[in-house]
Amino acid sequence: MDIIDNRFQSEIYSYGINLLESLGLETRFAHILNSLILLLFLALVLFIIDFLLRKTLMLLLIKTIRRSRTRIDDYLIRNGVLKYGTHLIPVLIARQTLPFIFTGFEMTTKFALVVVDILLAVTITFLINAFFKTFKDTLAGRKRYADKPLDSYFQVITIILYIICGVFIFSEVTGKDPTGLLTALGAASAIILLVFKDTILGFVASIQVSTNDMVRVGDWIEMSKYGADGTVLQINLSTVKVQNFDKTVTTIPTYALISDSFRNYRAMQKSGGRRIKRSMFIKLGSIRFLEEHEINDLKRIKLLKSYIIERELEIAEYNHTHVDDPTMLVNGRRMTNIGLFREYLKRYLLNNPKIHKQYHIMVRHLQPTEHGLPLEIYTFTATTEWLVYEGIMADIFDHALASVSFFHLELFENPSSTDFSEFLAAKKNEN
């Protein structure tokens, strides 16, 4: 259907020609100048139409949006549906009016129509893509799809749209059937696979990540190879964006989530508890049996009193039955400072309201090293919030480190410059 009547077109063109010829211009020059004037006039009219359409629709939509509770209309404007929709009308008008503007210039008319058809194809492609983006944003706003890699799937749709548009443009420019291009693309499939390798790998990885529920938007992941340690912001066709805790953003290839290993803290966050696994080094030379007066002194510690009394009875009964010479301390059973300290820490953790009681609570020895005996606290906090977790862990070790001396133990640490200075000063005084 014609937007402008052909008779009206002829009258406009004839009026321009007659006016220019009346000014004394040659017929051919009059045709050229008439076409240029009409072209400039058409461009101005189309610009005004496009501007007025956008402004008018925007004012109407803003009023509607303010009354509307849904967010779909916001997405339509944000993704450019209104913009590309209003662009369509001027392009369609241009396609109807260009033939009479270039009357008598067959090659120019043909070229102008090809350009307009290309603009029309591009505009329609952008408009359809804008609708798909709106659909994606609508899905992303729903809880069910909020953590799904929607970007990856809709990027594939965008690529397909661009390919279709490209095939149409090729057909318009060359005047050939698009099947010829598709046949050539099939023959060059190896090159295409090489060029789009990352895209294909990313698409396959996105499907696997989504199907296996390996990563979601909002997950805390750690991937040392790429220096990523933070929250997943976006999963798209080619990359995964991770905002680290220092507010920098690390970009990871999507297929790396399948080919490489990474750590996802989602299960920890859902469990309600976060693990503490840290050691302090006890100086081996300070580990020993406790004297009776030292044991009596440690009975003053409320958390240990019942345990010490129970152990004393158990040890006394065992030694009475099995030990012939109790004066040799290694004969029989004795309480050690490290043993009581370990039990104290365990009871301290059990009585700490910030420790998760449904998970393991251990205070254990690790393999002795040249730095002493590692005494490891292995437990879980009752929260997964990072700042709170760090505070709980610091409080536990503040107390544990300060309690060491009460059990006649020493912590290992490398000598500092002050230690060397004191040693040298002592040696000098001896001399």
# chains A, B, ... in the order shown; residues from 1 in each chain; ligands from 1
>>> residues_around(residues="Glu314 in chain A", least_positions_apart="6", cutoff="12 Å", atoms="only C-alpha atoms", output="PyMOL selection string")
chain A and resi 307-308+320-321+332-335
>>> write_last_selection(atoms="N, CA, C and O atoms", output="PDB file, in the first residue's frame")
ATOM      1  N   TYR A 307      35.838 -31.083  84.585  1.00  0.00           N
ATOM      2  CA  TYR A 307      36.642 -32.000  83.760  1.00  0.00           C
ATOM      3  C   TYR A 307      37.879 -32.466  84.529  1.00  0.00           C
ATOM      4  O   TYR A 307      38.218 -33.659  84.514  1.00  0.00           O
ATOM      5  N   ILE A 308      38.547 -31.526  85.207  1.00  0.00           N
ATOM      6  CA  ILE A 308      39.769 -31.885  85.943  1.00  0.00           C
ATOM      7  C   ILE A 308      39.452 -32.856  87.073  1.00  0.00           C
ATOM      8  O   ILE A 308      40.174 -33.846  87.279  1.00  0.00           O
ATOM      9  N   HIS A 320      46.509 -46.568  90.345  1.00  0.00           N
ATOM     10  CA  HIS A 320      46.494 -47.456  91.511  1.00  0.00           C
ATOM     11  C   HIS A 320      46.501 -48.920  91.077  1.00  0.00           C
ATOM     12  O   HIS A 320      47.109 -49.776  91.734  1.00  0.00           O
ATOM     13  N   THR A 321      45.862 -49.215  89.970  1.00  0.00           N
ATOM     14  CA  THR A 321      45.748 -50.594  89.481  1.00  0.00           C
ATOM     15  C   THR A 321      46.944 -51.019  88.651  1.00  0.00           C
ATOM     16  O   THR A 321      47.413 -52.167  88.746  1.00  0.00           O
ATOM     17  N   GLY A 332      52.340 -44.698  84.066  1.00  0.00           N
ATOM     18  CA  GLY A 332      50.936 -44.385  84.280  1.00  0.00           C
ATOM     19  C   GLY A 332      50.475 -43.190  83.475  1.00  0.00           C
ATOM     20  O   GLY A 332      51.074 -42.810  82.469  1.00  0.00           O
ATOM     21  N   ARG A 333      49.412 -42.601  83.960  1.00  0.00           N
ATOM     22  CA  ARG A 333      48.787 -41.487  83.225  1.00  0.00           C
ATOM     23  C   ARG A 333      48.907 -40.205  84.043  1.00  0.00           C
ATOM     24  O   ARG A 333      48.799 -40.225  85.261  1.00  0.00           O
ATOM     25  N   ARG A 334      49.141 -39.114  83.353  1.00  0.00           N
ATOM     26  CA  ARG A 334      49.278 -37.798  83.982  1.00  0.00           C
ATOM     27  C   ARG A 334      48.571 -36.756  83.111  1.00  0.00           C
ATOM     28  O   ARG A 334      48.405 -36.939  81.905  1.00  0.00           O
ATOM     29  N   MET A 335      48.176 -35.684  83.708  1.00  0.00           N
ATOM     30  CA  MET A 335      47.598 -34.571  82.945  1.00  0.00           C
ATOM     31  C   MET A 335      48.725 -33.682  82.446  1.00  0.00           C
ATOM     32  O   MET A 335      49.669 -33.366  83.197  1.00  0.00           O
TER      33      MET A 335
END
>>> closest_atom_pairs(of="range 361-410 of chain A", to="range 263-278 of chain A", cutoff="10 Å", atoms="only C-alpha atoms", output="Markdown table")
| residue | atom | partner | partner_atom | distance |
| --- | --- | --- | --- | --- |
| A:Ile361 | CA | A:Ile276 | CA | 9.7 |
| A:Met362 | CA | A:Lys277 | CA | 9.6 |
| A:Val363 | CA | A:Lys277 | CA | 9.8 |
| A:Pro374 | CA | A:Arg278 | CA | 9.2 |
| A:Leu375 | CA | A:Arg278 | CA | 8.4 |
| A:Glu376 | CA | A:Arg278 | CA | 5.5 |
| A:Ile377 | CA | A:Arg278 | CA | 5.6 |
| A:Tyr378 | CA | A:Lys277 | CA | 4.7 |
| A:Thr379 | CA | A:Ile276 | CA | 5.2 |
| A:Phe380 | CA | A:Arg275 | CA | 4.2 |
| A:Thr381 | CA | A:Gly273 | CA | 5.2 |
| A:Ala382 | CA | A:Gly273 | CA | 4.9 |
| A:Thr383 | CA | A:Gly273 | CA | 5.1 |
| A:Thr384 | CA | A:Arg274 | CA | 5.3 |
| A:Glu385 | CA | A:Gln269 | CA | 8.2 |
| A:Trp386 | CA | A:Arg274 | CA | 9.0 |
| A:Tyr389 | CA | A:Arg274 | CA | 7.4 |
| A:Glu390 | CA | A:Ile276 | CA | 9.4 |
| A:Ile392 | CA | A:Ile276 | CA | 9.5 |
| A:Met393 | CA | A:Ile276 | CA | 6.9 |
| A:Ile396 | CA | A:Ile276 | CA | 10.0 |
| A:Phe397 | CA | A:Arg278 | CA | 9.0 |
>>> write_last_selection(atoms="N, CA and C atoms", output="compact mmCIF listing (two decimals), in the first residue's frame")
# COMPACT_ATOMS: atom_id res chain seq x y z
N ILE A 361 33.11 -29.47 65.98
CA ILE A 361 33.87 -28.58 66.86
C ILE A 361 35.07 -29.38 67.35
N MET A 362 36.24 -29.01 66.86
CA MET A 362 37.46 -29.76 67.19
C MET A 362 38.59 -28.80 67.53
N VAL A 363 39.41 -29.25 68.48
CA VAL A 363 40.71 -28.61 68.73
C VAL A 363 41.71 -29.75 68.64
N PRO A 374 51.49 -27.49 65.81
CA PRO A 374 50.31 -26.72 65.40
C PRO A 374 49.07 -27.21 66.15
N LEU A 375 48.44 -26.32 66.87
CA LEU A 375 47.20 -26.62 67.55
C LEU A 375 46.07 -25.95 66.77
N GLU A 376 45.26 -26.76 66.09
CA GLU A 376 44.28 -26.22 65.14
C GLU A 376 42.89 -26.17 65.75
N ILE A 377 42.23 -25.03 65.55
CA ILE A 377 40.82 -24.88 65.90
C ILE A 377 40.01 -25.10 64.63
N TYR A 378 39.13 -26.09 64.67
CA TYR A 378 38.32 -26.44 63.52
C TYR A 378 36.86 -26.39 63.96
N THR A 379 36.14 -25.37 63.52
CA THR A 379 34.75 -25.20 63.93
C THR A 379 34.03 -24.35 62.90
N PHE A 380 32.75 -24.07 63.15
CA PHE A 380 31.94 -23.28 62.22
C PHE A 380 31.22 -22.19 62.99
N THR A 381 31.20 -21.01 62.41
CA THR A 381 30.46 -19.91 63.02
C THR A 381 28.97 -20.07 62.73
N ALA A 382 28.13 -19.40 63.50
CA ALA A 382 26.67 -19.49 63.33
C ALA A 382 26.16 -18.48 62.31
N THR A 383 27.07 -17.85 61.58
CA THR A 383 26.69 -16.90 60.53
C THR A 383 27.65 -17.06 59.36
N THR A 384 27.19 -16.64 58.18
CA THR A 384 28.06 -16.66 56.99
C THR A 384 28.44 -15.26 56.55
N GLU A 385 27.95 -14.25 57.26
CA GLU A 385 28.27 -12.87 56.89
C GLU A 385 29.75 -12.61 57.13
N TRP A 386 30.42 -12.12 56.11
CA TRP A 386 31.88 -12.04 56.12
C TRP A 386 32.41 -11.21 57.29
N TYR A 389 31.78 -12.89 60.59
CA TYR A 389 32.62 -14.09 60.66
C TYR A 389 34.05 -13.74 61.07
N GLU A 390 34.63 -12.73 60.42
CA GLU A 390 36.00 -12.33 60.75
C GLU A 390 36.10 -11.85 62.19
N ILE A 392 34.17 -12.83 64.76
CA ILE A 392 34.07 -13.99 65.64
C ILE A 392 35.39 -14.75 65.70
N MET A 393 36.01 -14.97 64.53
CA MET A 393 37.27 -15.70 64.48
C MET A 393 38.37 -14.94 65.23
N ILE A 396 37.88 -15.31 69.02
CA ILE A 396 38.27 -16.64 69.50
C ILE A 396 39.78 -16.73 69.66
N PHE A 397 40.50 -16.27 68.67
CA PHE A 397 41.96 -16.38 68.74
C PHE A 397 42.59 -15.34 69.67
>>> select_by_dssp(residues="range 301-334 of chain A", states="helix (DSSP H, G or I)", output="PyMOL selection string")
chain A and resi 302-322
>>> atom_distance(atom1="CA of Lys133 in chain A", atom2="CA of Thr158 in chain A")
9.2 Å
>>> closest_residue(among="A:Val173, A:Leu313, A:Ala130, A:Leu82", to="Lys110 in chain A", atoms="only C-alpha atoms")
A:Val173
>>> closest_residue(among="A:Leu329, A:Leu46, A:Val323, A:Val122", to="Tyr162 in chain A", atoms="only C-alpha atoms")
A:Val122
>>> select_by_dssp(residues="range 345-396 of chain A", states="strand (DSSP E)", output="ChimeraX atom specification")
/A:362-365,373-381
>>> residues_around(residues="range 227-242 of chain A", least_positions_apart="3", cutoff="9 Å", atoms="only C-alpha atoms", output="count of residues only")
40
